[in-house]
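**Student:** File work.txt below, compact mmCIF, C-alpha atoms and all ligand atoms:
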# COMPACT_ATOMS: atom_id res chain seq x y z
CA MET A 188 32.61 64.57 -23.53
CA SER A 189 33.18 61.00 -22.60
CA LYS A 190 36.65 60.01 -21.44
CA LYS A 191 38.38 56.94 -22.77
CA ILE A 192 39.71 54.32 -20.39
CA LEU A 193 41.88 51.50 -21.61
CA VAL A 194 41.30 48.36 -19.54
CA LEU A 195 44.29 46.01 -19.37
CA PRO A 196 43.65 43.10 -16.98
CA GLY A 197 47.00 41.44 -17.75
CA ASP A 198 47.88 38.15 -16.09
CA GLY A 199 47.04 35.99 -13.09
CA ILE A 200 44.61 37.58 -10.65
CA GLY A 201 44.71 40.69 -12.86
CA GLN A 202 41.80 39.23 -14.79
CA GLU A 203 39.62 38.71 -11.70
CA ILE A 204 40.34 41.96 -9.89
CA VAL A 205 39.97 44.16 -12.96
CA ALA A 206 36.58 42.56 -13.65
CA GLU A 207 35.43 43.86 -10.24
CA ALA A 208 36.85 47.34 -10.84
CA VAL A 209 35.02 47.39 -14.18
CA LYS A 210 31.77 46.58 -12.31
CA VAL A 211 32.39 49.69 -10.24
CA LEU A 212 33.03 51.82 -13.35
CA ARG A 213 29.88 50.46 -15.01
CA CYS A 214 27.87 51.31 -11.91
CA LEU A 215 29.23 54.88 -11.90
CA GLN A 216 28.42 55.07 -15.59
CA ALA A 217 24.86 53.79 -15.19
CA ASP A 218 23.84 55.44 -11.93
CA HIS A 219 26.17 58.37 -11.26
CA GLY A 220 26.53 60.09 -14.62
CA LEU A 221 30.15 59.16 -15.26
CA ALA A 222 30.78 59.62 -18.99
CA VAL A 223 33.40 57.06 -19.89
CA GLU A 224 34.09 54.66 -22.69
CA LEU A 225 35.86 51.44 -21.72
CA ILE A 226 38.22 49.90 -24.24
CA ASP A 227 39.69 46.40 -23.82
CA GLY A 228 43.33 45.68 -24.45
CA VAL A 229 46.02 43.10 -23.77
CA VAL A 230 49.36 43.38 -21.98
CA GLY A 231 51.91 41.16 -20.26
CA GLY A 232 52.11 37.41 -20.63
CA THR A 233 48.60 37.28 -22.02
CA ALA A 234 49.64 39.66 -24.78
CA TYR A 235 52.82 37.69 -25.38
CA ASP A 236 50.82 34.50 -25.85
CA GLN A 237 48.52 36.20 -28.34
CA THR A 238 50.97 38.37 -30.27
CA GLY A 239 54.53 37.46 -29.32
CA SER A 240 55.01 40.79 -27.51
CA PRO A 241 54.16 41.77 -23.92
CA LEU A 242 53.34 45.25 -25.22
CA PRO A 243 51.85 44.99 -28.72
CA GLU A 244 51.94 48.13 -30.89
CA GLU A 245 48.16 48.18 -30.80
CA THR A 246 48.05 48.30 -27.02
CA LEU A 247 50.53 51.14 -26.97
CA ALA A 248 48.53 53.04 -29.58
CA GLN A 249 45.33 52.46 -27.57
CA ALA A 250 47.05 53.66 -24.41
CA ARG A 251 48.28 56.83 -26.13
CA ALA A 252 44.76 57.57 -27.37
CA CYS A 253 43.11 57.11 -23.96
CA ASP A 254 42.72 59.49 -21.03
CA ALA A 255 43.57 56.81 -18.50
CA VAL A 256 44.64 53.20 -18.28
CA LEU A 257 43.38 50.68 -15.73
CA LEU A 258 45.83 47.83 -15.31
CA GLY A 259 45.58 44.63 -13.28
CA ALA A 260 48.93 42.89 -12.98
CA VAL A 261 51.50 41.17 -15.17
CA GLY A 262 53.77 38.16 -14.91
CA GLY A 263 53.73 34.57 -13.82
CA PRO A 264 55.84 31.40 -13.75
CA LYS A 265 54.64 30.47 -17.22
CA TRP A 266 56.73 33.30 -18.72
CA GLU A 267 59.70 33.30 -16.36
CA GLY A 268 61.93 31.38 -18.75
CA LEU A 269 61.47 33.92 -21.57
CA ASP A 270 64.18 36.32 -22.62
CA ILE A 271 64.02 39.40 -20.38
CA ALA A 272 63.19 41.57 -23.41
CA VAL A 273 59.80 39.90 -23.89
CA ARG A 274 58.89 39.05 -20.32
CA PRO A 275 55.48 40.29 -19.13
CA GLU A 276 57.14 42.88 -16.86
CA LYS A 277 58.52 44.58 -19.98
CA GLY A 278 54.93 45.30 -20.99
CA LEU A 279 54.34 47.25 -17.82
CA LEU A 280 57.71 48.99 -17.87
CA GLY A 281 57.24 49.86 -21.55
CA LEU A 282 53.87 51.47 -20.86
CA ARG A 283 55.34 53.54 -18.04
CA LYS A 284 58.26 54.68 -20.16
CA GLU A 285 56.43 55.24 -23.44
CA LEU A 286 53.63 57.19 -21.80
CA GLY A 287 56.09 59.24 -19.71
CA LEU A 288 54.41 58.24 -16.45
CA PHE A 289 57.22 59.44 -14.22
CA ALA A 290 55.30 60.11 -11.01
CA ASN A 291 54.10 57.03 -9.19
CA LEU A 292 51.84 57.77 -6.24
CA ARG A 293 51.50 54.95 -3.75
CA PRO A 294 49.40 55.88 -0.77
CA ALA A 295 49.52 53.66 2.31
CA ILE A 296 46.42 54.25 4.36
CA LEU A 297 45.36 52.10 7.25
CA TYR A 298 41.63 51.79 7.41
CA PRO A 299 40.65 51.69 11.09
CA GLN A 300 38.59 48.57 10.38
CA LEU A 301 41.79 46.74 9.42
CA ALA A 302 44.04 47.69 12.33
CA GLU A 303 43.94 44.07 13.48
CA ALA A 304 44.94 42.76 10.06
CA SER A 305 48.37 44.40 10.17
CA THR A 306 51.25 42.29 11.41
CA LEU A 307 52.39 45.35 13.36
CA LYS A 308 50.92 46.46 16.67
CA ALA A 309 47.73 48.45 16.22
CA GLU A 310 49.20 51.48 18.03
CA VAL A 311 52.13 51.63 15.60
CA VAL A 312 49.93 51.73 12.51
CA SER A 313 46.54 53.11 13.54
CA GLY A 314 45.80 56.34 11.71
CA LEU A 315 48.61 55.74 9.21
CA ASP A 316 48.28 57.89 6.09
CA LEU A 317 51.44 58.18 4.08
CA MET A 318 52.16 58.80 0.44
CA ILE A 319 55.14 57.31 -1.34
CA VAL A 320 56.08 59.20 -4.49
CA ARG A 321 58.24 56.90 -6.55
CA GLU A 322 60.19 58.00 -9.64
CA LEU A 323 58.97 55.61 -12.32
CA THR A 324 60.67 56.13 -15.66
CA GLY A 325 64.35 56.42 -14.76
CA GLY A 326 67.01 55.12 -12.44
CA ILE A 327 68.42 51.63 -12.48
CA TYR A 328 65.25 50.21 -14.05
CA PHE A 329 66.03 51.93 -17.34
CA GLY A 330 69.69 53.00 -17.13
CA GLN A 331 72.11 52.08 -19.90
CA PRO A 332 74.37 50.22 -20.28
CA ARG A 333 72.84 47.06 -18.90
CA GLY A 334 73.16 43.39 -19.57
CA VAL A 335 75.25 40.29 -18.95
CA ARG A 336 78.68 40.08 -20.55
CA THR A 337 81.40 37.43 -20.61
CA LEU A 338 84.79 38.47 -19.31
CA ASP A 339 88.13 37.43 -20.78
CA ASN A 340 88.43 34.63 -18.25
CA GLY A 341 85.06 33.24 -19.35
CA GLU A 342 83.22 34.34 -16.22
CA ARG A 343 79.95 36.17 -16.77
CA GLU A 344 79.18 39.54 -15.23
CA GLY A 345 75.77 41.16 -14.88
CA PHE A 346 75.52 44.96 -14.80
CA ASN A 347 72.97 47.73 -14.56
CA THR A 348 73.34 51.47 -14.38
CA LEU A 349 71.81 53.82 -11.84
CA VAL A 350 71.51 57.14 -13.60
CA TYR A 351 69.47 60.26 -12.88
CA ARG A 352 69.49 63.59 -14.64
CA GLU A 353 68.86 66.75 -12.69
CA SER A 354 65.67 67.38 -14.67
CA GLU A 355 64.32 63.94 -13.75
CA ILE A 356 65.02 64.52 -10.08
CA GLU A 357 63.60 68.01 -10.16
CA ARG A 358 60.24 67.03 -11.63
CA ILE A 359 59.61 64.13 -9.26
CA VAL A 360 60.62 66.14 -6.19
CA ARG A 361 58.36 68.92 -7.40
CA SER A 362 55.47 66.44 -7.71
CA ALA A 363 56.11 65.33 -4.13
CA MET A 364 56.19 68.94 -2.94
CA GLU A 365 52.90 69.73 -4.67
CA ILE A 366 51.29 66.69 -3.07
CA ALA A 367 52.69 67.62 0.34
CA MET A 368 51.19 71.12 -0.02
CA ARG A 369 47.77 69.45 -0.09
CA ARG A 370 48.64 67.22 2.89
CA ASN A 371 50.70 67.81 6.01
CA LYS A 372 53.50 69.69 4.25
CA ARG A 373 56.30 67.29 5.10
CA VAL A 374 58.50 65.53 2.54
CA CYS A 375 61.16 62.96 3.34
CA SER A 376 63.50 62.35 0.41
CA VAL A 377 65.01 58.88 0.53
CA ASP A 378 68.42 58.20 -1.00
CA LYS A 379 71.73 56.44 -0.44
CA ALA A 380 73.79 59.60 -0.72
CA ASN A 381 76.50 58.19 1.54
CA VAL A 382 77.43 55.60 -1.10
CA LEU A 383 75.87 56.39 -4.51
CA GLU A 384 76.85 59.52 -6.45
CA ALA A 385 73.59 59.47 -8.41
CA THR A 386 71.68 59.86 -5.18
CA GLU A 387 74.12 62.39 -3.79
CA LEU A 388 72.99 64.49 -6.75
CA TRP A 389 69.41 63.51 -5.93
CA ARG A 390 69.80 65.01 -2.46
CA GLU A 391 71.38 68.20 -3.78
CA VAL A 392 68.60 68.72 -6.34
CA ALA A 393 65.92 67.88 -3.77
CA ASN A 394 67.29 70.65 -1.55
CA ARG A 395 67.24 73.08 -4.46
CA VAL A 396 63.61 72.28 -5.32
CA GLY A 397 62.78 72.38 -1.63
CA GLN A 398 63.71 76.06 -1.53
CA GLU A 399 60.80 76.77 -3.88
CA TYR A 400 58.47 75.42 -1.19
CA PRO A 401 59.34 77.23 2.03
CA GLU A 402 56.15 75.94 3.67
CA VAL A 403 57.18 72.32 3.19
CA GLU A 404 59.52 70.75 5.71
CA LEU A 405 62.03 68.74 3.68
CA SER A 406 64.12 66.05 5.33
CA HIS A 407 66.45 63.35 3.99
CA MET A 408 66.92 59.75 4.99
CA TYR A 409 69.15 56.93 3.79
CA VAL A 410 67.10 54.10 2.35
CA ASP A 411 68.24 51.49 4.86
CA ASN A 412 67.18 53.69 7.73
CA ALA A 413 63.93 54.53 5.92
CA ALA A 414 63.09 50.82 5.70
CA MET A 415 63.71 50.48 9.41
CA GLN A 416 61.73 53.63 10.30
CA LEU A 417 58.81 52.41 8.19
CA VAL A 418 58.31 49.42 10.43
CA ARG A 419 59.43 51.15 13.64
CA ALA A 420 57.41 54.36 13.51
CA PRO A 421 55.67 54.79 10.16
CA LYS A 422 53.49 57.66 11.32
CA GLN A 423 56.49 59.99 11.32
CA PHE A 424 56.12 60.21 7.51
CA ASP A 425 53.76 62.31 5.44
CA VAL A 426 55.18 62.18 1.89
CA MET A 427 58.24 60.14 0.93
CA VAL A 428 59.93 60.76 -2.42
CA THR A 429 62.48 58.37 -3.82
CA THR A 430 64.07 56.63 -6.79
CA ASN A 431 62.46 53.96 -8.91
CA MET A 432 64.04 50.98 -7.19
CA PHE A 433 63.96 52.28 -3.62
CA GLY A 434 60.31 53.20 -4.17
CA ASP A 435 59.54 49.71 -5.43
CA ILE A 436 60.95 48.18 -2.27
CA LEU A 437 59.69 50.70 0.27
CA SER A 438 56.16 50.65 -1.14
CA ASP A 439 55.82 46.90 -0.61
CA CYS A 440 57.04 47.42 2.92
CA ALA A 441 54.57 50.28 3.49
CA ALA A 442 51.79 48.14 2.03
CA MET A 443 52.16 45.55 4.75
CA LEU A 444 51.72 48.21 7.41
CA THR A 445 48.15 48.52 6.20
CA GLY A 446 47.34 44.88 6.73
CA SER A 447 47.50 43.63 3.18
CA ILE A 448 49.14 44.51 -0.08
CA GLY A 449 45.70 43.69 -1.48
CA MET A 450 44.45 47.07 -0.28
CA LEU A 451 46.88 49.48 -1.92
CA PRO A 452 46.16 51.35 -5.14
CA SER A 453 48.55 53.42 -7.21
CA ALA A 454 48.56 56.13 -9.82
CA SER A 455 51.31 56.68 -12.37
CA LEU A 456 51.07 60.14 -13.86
CA ASP A 457 52.64 62.04 -16.71
CA ALA A 458 53.19 65.79 -16.73
CA ASN A 459 49.62 66.48 -17.90
CA GLY A 460 47.50 64.34 -15.61
CA LYS A 461 47.17 61.36 -17.88
CA GLY A 462 47.61 58.29 -15.80
CA MET A 463 47.81 54.57 -15.45
CA TYR A 464 46.12 53.08 -12.41
CA GLU A 465 46.95 49.74 -10.90
CA PRO A 466 47.06 47.92 -7.60
CA ILE A 467 50.59 47.80 -6.25
CA HIS A 468 50.45 44.03 -5.79
CA GLY A 469 51.44 41.56 -8.48
CA SER A 470 49.66 38.87 -10.44
CA ALA A 471 49.74 36.34 -7.55
CA PRO A 472 49.80 33.23 -9.79
CA ASP A 473 49.46 30.98 -6.73
CA ILE A 474 45.90 32.15 -6.12
CA ALA A 475 44.89 33.08 -9.68
CA GLY A 476 41.56 31.74 -10.87
CA LYS A 477 40.42 30.72 -7.40
CA GLY A 478 38.20 33.73 -6.75
CA VAL A 479 39.98 34.59 -3.50
CA ALA A 480 41.96 37.67 -4.56
CA ASN A 481 41.17 41.02 -3.00
CA PRO A 482 39.79 43.44 -5.63
CA LEU A 483 39.85 46.46 -3.30
CA ALA A 484 43.29 47.75 -4.34
CA THR A 485 42.09 47.84 -7.96
CA ILE A 486 38.78 49.42 -6.99
CA LEU A 487 40.68 52.03 -4.98
CA SER A 488 42.85 52.56 -8.07
CA VAL A 489 39.65 53.48 -9.90
CA ALA A 490 39.07 56.08 -7.17
CA MET A 491 42.52 57.51 -7.85
CA MET A 492 41.72 57.57 -11.56
CA LEU A 493 38.53 59.51 -10.87
CA ARG A 494 40.51 62.00 -8.84
CA TYR A 495 43.65 62.48 -10.92
CA SER A 496 42.66 61.84 -14.55
CA LEU A 497 38.88 62.16 -14.78
CA ASN A 498 38.44 65.23 -12.58
CA GLN A 499 35.67 63.59 -10.54
CA PRO A 500 36.77 64.07 -6.91
CA GLU A 501 33.27 63.51 -5.56
CA LEU A 502 32.90 60.17 -7.28
CA ALA A 503 36.38 59.25 -6.05
CA GLU A 504 35.24 59.86 -2.52
CA ARG A 505 32.08 57.88 -3.07
CA VAL A 506 34.10 54.86 -4.15
CA GLU A 507 36.43 55.23 -1.18
CA GLN A 508 33.45 55.51 1.15
CA ALA A 509 31.83 52.44 -0.37
CA VAL A 510 35.04 50.51 0.33
CA GLN A 511 35.09 51.74 3.92
CA GLN A 512 31.46 50.79 4.33
CA VAL A 513 32.12 47.26 3.12
CA LEU A 514 34.96 46.95 5.64
CA SER A 515 32.74 48.33 8.42
CA GLN A 516 30.18 45.68 7.57
CA GLY A 517 32.82 43.09 8.42
CA LEU A 518 33.12 41.85 4.84
CA ARG A 519 36.57 40.47 4.05
CA THR A 520 38.53 38.65 1.40
CA ALA A 521 40.96 36.00 2.62
CA ASP A 522 44.00 38.29 2.85
CA ILE A 523 42.34 40.67 5.31
CA ASP A 524 40.15 38.19 7.15
CA SER A 525 40.10 37.89 10.92
CA PRO A 526 37.90 36.01 13.39
CA GLY A 527 34.26 37.10 13.42
CA MET A 528 34.31 38.59 9.91
CA THR A 529 32.42 37.41 6.83
CA ARG A 530 34.60 35.86 4.15
CA LEU A 531 33.80 36.87 0.56
CA THR A 532 35.05 35.82 -2.84
CA THR A 533 36.59 38.30 -5.26
CA ALA A 534 33.31 38.73 -7.13
CA GLN A 535 31.24 39.02 -3.95
CA MET A 536 33.55 41.77 -2.75
CA GLY A 537 33.08 43.66 -6.02
CA ASP A 538 29.32 43.26 -5.72
CA ALA A 539 29.42 44.51 -2.13
CA VAL A 540 31.21 47.69 -3.19
CA VAL A 541 28.71 48.22 -6.01
CA ALA A 542 25.88 47.71 -3.53
CA GLY A 543 27.55 50.30 -1.27
CA LEU A 544 27.65 52.77 -4.17
C1 LIG B 601 55.65 47.26 -9.05
C2 LIG B 601 56.14 45.94 -9.57
C3 LIG B 601 56.88 46.17 -10.88
C4 LIG B 601 58.07 47.05 -10.57
C5 LIG B 601 57.30 44.89 -11.62
C6 LIG B 601 56.13 43.97 -11.88
C7 LIG B 601 58.01 45.21 -12.90
O1 LIG B 601 56.92 45.31 -8.61
O2 LIG B 601 54.89 47.94 -9.76
O3 LIG B 601 56.01 47.63 -7.92
O4 LIG B 601 59.13 46.56 -10.19
O5 LIG B 601 57.95 48.27 -10.73
MG MG B 602 56.93 46.28 -6.72
Could you write out this structure as structure tokens?
**Tutor:**
Amino acid sequence: MSKKILVLPGDGIGQEIVAEAVKVLRCLQADHGLAVELIDGVVGGTAYDQTGSPLPEETLAQARACDAVLLGAVGGPKWEGLDIAVRPEKGLLGLRKELGLFANLRPAILYPQLAEASTLKAEVVSGLDLMIVRELTGGIYFGQPRGVRTLDNGEREGFNTLVYRESEIERIVRSAMEIAMRRNKRVCSVDKANVLEATELWREVANRVGQEYPEVELSHMYVDNAAMQLVRAPKQFDVMVTTNMFGDILSDCAAMLTGSIGMLPSASLDANGKGMYEPIHGSAPDIAGKGVANPLATILSVAMMLRYSLNQPELAERVEQAVQQVLSQGLRTADIDSPGMTRLTTAQMGDAVVAGL
């Protein structure tokens, strides 16, 4: 039976990079027996312009009816002045929340071909293979109450709430443990338990869940130290599990270890394997429409989709190998370029991966 994939390019470079990932899906469909139906939808600023909402009802209904969602990126200066309730980012956050995509997997893998592209010394990052498991539907991103209020003296005060229930912590830590069981069996839980009660509870619950996995070595780290350790000695980590906001920050940091944020895919999963797949980078309005964006993070997100939602691990590996092959051939987009390499446009890079397939 053919699986349904909702394709949401979104804004900025989202349009260009998703077009290349779709080329890859079409190739798998035509030549490798992948039975999928691609459905087009709108989200983010593009959706706001068309419908007045960054997450139209129709898009949400389409997403609910699909097996997986492929998303490009949302946001841009054009929409920055809008009320926060209808900003493009709300489209993305709404999809995560409404679809219950609580487990965000953000692998940071350094391809040997790109060791020189990292701003860190090659010996610090070579062989890096870490997985950040970010909680995605709770924490300060969604906590109530939130807002900006005016105090009696007329001064305004902005406030957000960091809140985590035990059940939310339990399920994300369990996801991290399960992933670690298939890797090197080490989980580092990142919190700020020395200051924030919500993450003191996080640590306690992580320890409790950890007892269910005696084979996994569970450690804890404060987030400030984790940020430092990520750039000092990133290879000490196997799986990191953390809150929504800490995961947002640490995953950008981890991305740079690999040379470019343009290389990193992500999967956001619900409890049943349904997922949304997107590059971890944003809509990069400064380079949108120029054909210079790197489509590899989105193409690698397709690989994650094949693995986690479409049950096609062999095709996932094929896509990953095709990406590696392209890198070995010295083909580069601007963000990962270095002397002696061949510079490609976004579309040429997509074509090169398809050729590799
Ligand atoms: C990410 C992004 C989003 C987030 C933004 C666009 C809302 O930075 O996916 O990491 O903060 O989660
Ligand atoms: Mg982010």
**Student:** Which is closer to Gly268 of chain A than all the others in A:Asn481, A:Gly232, A:Glu355, A:Gly469, using all atoms listed in the file?
**Tutor:** A:Gly232
**Student:** Tell me which protein, DNA and RNA residues are within 7 Å of segment 206-221 of chain A, counting all atoms listed in the file, leaving out same-chain ones fewer than 3 positions away, and put them as a list of chain:residue names.
**Tutor:**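 The residues satisfying every condition are A:Gln202, A:Glu203, A:Pro482, A:Thr485, A:Ile486, A:Val489, A:Ala534, A:Gly537, A:Val541.
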**Student:** Give one line per residue of chain A that approaches ligand MG 602 (chain B) to at most 8 Å, naming the two atoms of the closest pair and their distance in Å to one decimal, counting only C-alpha atoms and all ligand atoms; sort by chain then ascending residue number and deliver it as JSON lines.
**Tutor:**
{"residue": "A:Asp435", "atom": "CA", "partner": "B:MG602", "partner_atom": "MG", "distance": 4.5}
{"residue": "A:Ile436", "atom": "CA", "partner": "B:MG602", "partner_atom": "MG", "distance": 6.3}
{"residue": "A:Ser438", "atom": "CA", "partner": "B:MG602", "partner_atom": "MG", "distance": 7.1}
{"residue": "A:Asp439", "atom": "CA", "partner": "B:MG602", "partner_atom": "MG", "distance": 6.2}
{"residue": "A:Ile467", "atom": "CA", "partner": "B:MG602", "partner_atom": "MG", "distance": 6.5}
{"residue": "A:His468", "atom": "CA", "partner": "B:MG602", "partner_atom": "MG", "distance": 6.9}
{"residue": "A:Gly469", "atom": "CA", "partner": "B:MG602", "partner_atom": "MG", "distance": 7.5}
**Student:** To one decimal place, how far is atom CA of Ala521 of chain A from atom CA of Leu444 of chain A in Å?
**Tutor:**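 Going from atom CA of Ala521 of chain A over to atom CA of Leu444 of chain A, I get 17.0 Å.
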**Student:** Taking all atoms listed in the file into account, report as a PyMOL selection string which residues have an atom no farther than 10 Å from an atom of ligand LIG 601 (chain B).
**Tutor:** chain A and resi 231+260-263+274-281+283+291+293+321+323-324+328+431-439+453+455+465-470
**Student:** Would you export the selected residues with C-alpha atoms as a short mmCIF file (atom, residue, chain, number, x, y, z; two decimals), keeping the file's coordinate frame, please?
**Tutor:**
data_model
loop_
_atom_site.label_atom_id
_atom_site.label_comp_id
_atom_site.auth_asym_id
_atom_site.auth_seq_id
_atom_site.Cartn_x
_atom_site.Cartn_y
_atom_site.Cartn_z
CA GLY A 231 51.91 41.16 -20.26
CA ALA A 260 48.93 42.89 -12.98
CA VAL A 261 51.50 41.17 -15.17
CA GLY A 262 53.77 38.16 -14.91
CA GLY A 263 53.73 34.57 -13.82
CA ARG A 274 58.89 39.05 -20.32
CA PRO A 275 55.48 40.29 -19.13
CA GLU A 276 57.14 42.88 -16.86
CA LYS A 277 58.52 44.58 -19.98
CA GLY A 278 54.93 45.30 -20.99
CA LEU A 279 54.34 47.25 -17.82
CA LEU A 280 57.71 48.99 -17.87
CA GLY A 281 57.24 49.86 -21.55
CA ARG A 283 55.34 53.54 -18.04
CA ASN A 291 54.10 57.03 -9.19
CA ARG A 293 51.50 54.95 -3.75
CA ARG A 321 58.24 56.90 -6.55
CA LEU A 323 58.97 55.61 -12.32
CA THR A 324 60.67 56.13 -15.66
CA TYR A 328 65.25 50.21 -14.05
CA ASN A 431 62.46 53.96 -8.91
CA MET A 432 64.04 50.98 -7.19
CA PHE A 433 63.96 52.28 -3.62
CA GLY A 434 60.31 53.20 -4.17
CA ASP A 435 59.54 49.71 -5.43
CA ILE A 436 60.95 48.18 -2.27
CA LEU A 437 59.69 50.70 0.27
CA SER A 438 56.16 50.65 -1.14
CA ASP A 439 55.82 46.90 -0.61
CA SER A 453 48.55 53.42 -7.21
CA SER A 455 51.31 56.68 -12.37
CA GLU A 465 46.95 49.74 -10.90
CA PRO A 466 47.06 47.92 -7.60
CA ILE A 467 50.59 47.80 -6.25
CA HIS A 468 50.45 44.03 -5.79
CA GLY A 469 51.44 41.56 -8.48
CA SER A 470 49.66 38.87 -10.44
#
**Student:** Tell me which of A:Met188, A:Ala480, A:Val194, A:Leu282 sits closest to Ala255 of chain A, counting all atoms listed in the file.
**Tutor:**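 Of A:Met188, A:Ala480, A:Val194, A:Leu282, the one nearest Ala255 of chain A, counting all atoms listed in the file, is A:Val194.
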**Student:** Please provide the set of residues having any atom within 7 Å of Leu225 of chain A, restricted to all atoms listed in the file, with same-chain residues fewer than 4 positions apart removed, written as a count of residues only.
**Tutor:** 4
**Student:** Extract, using only C-alpha atoms, all DNA, RNA and protein residues at most 12 Å from segment 332-345 of chain A, discarding same-chain residues fewer than 4 positions from it, and format them as a compact mmCIF listing (two decimals) with C-alpha atoms, keeping the file's coordinate frame.
**Tutor:**
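Output saved as result_38.txt:
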# COMPACT_ATOMS: atom_id res chain seq x y z
CA ASP A 270 64.18 36.32 -22.62
CA ILE A 271 64.02 39.40 -20.38
CA ALA A 272 63.19 41.57 -23.41
CA GLY A 326 67.01 55.12 -12.44
CA ILE A 327 68.42 51.63 -12.48
CA TYR A 328 65.25 50.21 -14.05
CA LEU A 349 71.81 53.82 -11.84
CA VAL A 350 71.51 57.14 -13.60
